[in-house]
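Below is one structure; the comments refer to it alone.
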Amino acid sequence: MKLEDLIAKRLGVGTRGARALILGGRVAVAGEIAVDHRREISRFDEVLCEGAVVQAAMKRLHLMLHKPAGILSATSDPVHRTVLDLIDHPDKDTLHLAGRLDRSSTGLVLLTNDGRWSEALSDPATKVEKVYLVGTDRPIPVEAVERFAEGFWFATEGLTTRPAHLEILEECLARVTLVEGRYHQIKRMFHRIDGIRLTSLHRVRIGPHELPGDLAAGQWRVIAGID
Ligand code: URA
C-alpha cells in the first residue's frame, strides 16, 4: 500500500490531507522522516505521524519444520492435520508456506509471514536448489541421469522440466536436485523411467537452508538472522 493511502485510511484525512502531512515532514517510516508520499509500505514498516503510531511494525518470522509423512503442506484443511497444527508459536496464524511437499513426503518445509522471502525461494526464475533423497521400488538405470538432465515434457502444464541433477547413491536410492517445484514433479519424472515408483521422498535442503540432523520429524525452529 502507498504511504499516502495508509495515512489517509488510518487517520481519515483523505489523500490530500495525507500528502500534506507527509510533505510537511510529520510522518516517519522505520525511524526516518518520509519524503516520498507514494512510497510502498509493507506491514513490516513502522509508521508514525507526529510521534503517534499509525502502523506498528510486524516482526518478520521465518521457520523451518521437519514434516512427517501424513501431514498436509497447507495452513488449514477440513480433514487432514496440517504443518501449522505442528507449530506452537504466538504468530503462527500469520505464516504461509514457502513451497509444498506431498502428504506422503517428509523433510524440510519453510514457513514465513514474509511474501518476498517465500517468493524468492519458490520462483523457478531464481533457481534456488531443492535437494531430495529418494527411495525407489526398483533399481535406477544409469540412463536416468541423462534423462533428468534433459528434462521431461509435462503435457498437463505444457512445459519441459528444467535440467535436474540425479545422483544414484545406491541401486534404489538417489539424490535429486531441482530448481523448480512442479506438481508431483519427482514422482512423475521417475515414473517416466520404466514406471519406477517412489518408496520415500525426503527433502533435505532448500537453497541455503539445510534440514538439521537434530530436528526430529514433527519438530520446528525459528530461523534467526534473516531480515
Ligand atoms: N516432488 C514430488 O513428487 N513430491 C514432493 O513432495 C516434492 C517433489
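Going through the C-alpha cells in order, the chains are called A, B, and so on, while each chain numbers its residues from 1 and the ligands are numbered from 1 in the order shown.
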
Next on the checklist: So that I can see what lies close to region 94-110 of chain A, please list as number ranges by chain the residues with an atom at most 8 Å from it, counting only C-alpha atoms and leaving out residues fewer than 3 positions away in the same chain.
Outcome noted: A: 61-75, 91, 113, 118-119, 121-122, 181, 184, 200-206, 210-211, 217

Next on the checklist: I'd like to know which residues of region 3-225 of chain A are helix (DSSP H, G or I) (by DSSP, run on the backbone); could you write them as a PyMOL selection string?
Outcome noted: chain A and resi 3-11+14-23+83-86+92-94+115-122+124-126+143-150+185-191

Next on the checklist: Can you pull out every residue from region 66-196 of chain A that DSSP, working from the backbone, puts in strand (DSSP E or B), and format the result as a ChimeraX atom specification?
Outcome noted: /A:66-67,72,82,96-97,106-112,130-136,153-154,159-160,165-170,173-178

Item to check | Selected residue, from A:Leu159, A:Leu133, A:Leu169, A:Val145, that lies nearest to ligand 1 when counting only C-alpha atoms and all ligand atoms | outcome: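 For ligand 1, the nearest of the given residues is A:Leu133.
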
Next on the checklist: Give me, as a VMD selection string, all polymer residues having an atom no more than 7 Å from region 146-157 of chain A, counting only C-alpha atoms and skipping those fewer than 6 positions away in the same chain.
Outcome noted: chain A and resid 163 to 166 189

Output of the above residues as an mmCIF file, in the first residue's frame, restricted to C-alpha atoms:
```
data_model
loop_
_atom_site.group_PDB
_atom_site.id
_atom_site.type_symbol
_atom_site.label_atom_id
_atom_site.label_comp_id
_atom_site.auth_asym_id
_atom_site.auth_seq_id
_atom_site.Cartn_x
_atom_site.Cartn_y
_atom_site.Cartn_z
ATOM 1 C CA PRO A 163 17.540 -29.745 -16.050
ATOM 2 C CA ALA A 164 17.563 -31.749 -12.819
ATOM 3 C CA HIS A 165 20.599 -33.334 -11.226
ATOM 4 C CA LEU A 166 20.256 -37.027 -10.382
ATOM 5 C CA MET A 189 9.915 -37.938 -13.532
#
```

Next on the checklist: When you look at Ala57 (chain A) with a cut-off of 8 Å (counting only C-alpha atoms), what residues show up, excluding the ones that are within fewer than 2 positions of it in the same chain? I need them as a count of residues only.
Outcome noted: 7

Next on the checklist: My list of candidates is A:Asp123, A:Asp36, A:Glu143, A:Asp88. Which is closest to Glu180 (chain A) when distances are computed with only C-alpha atoms?
Outcome noted: A:Asp123
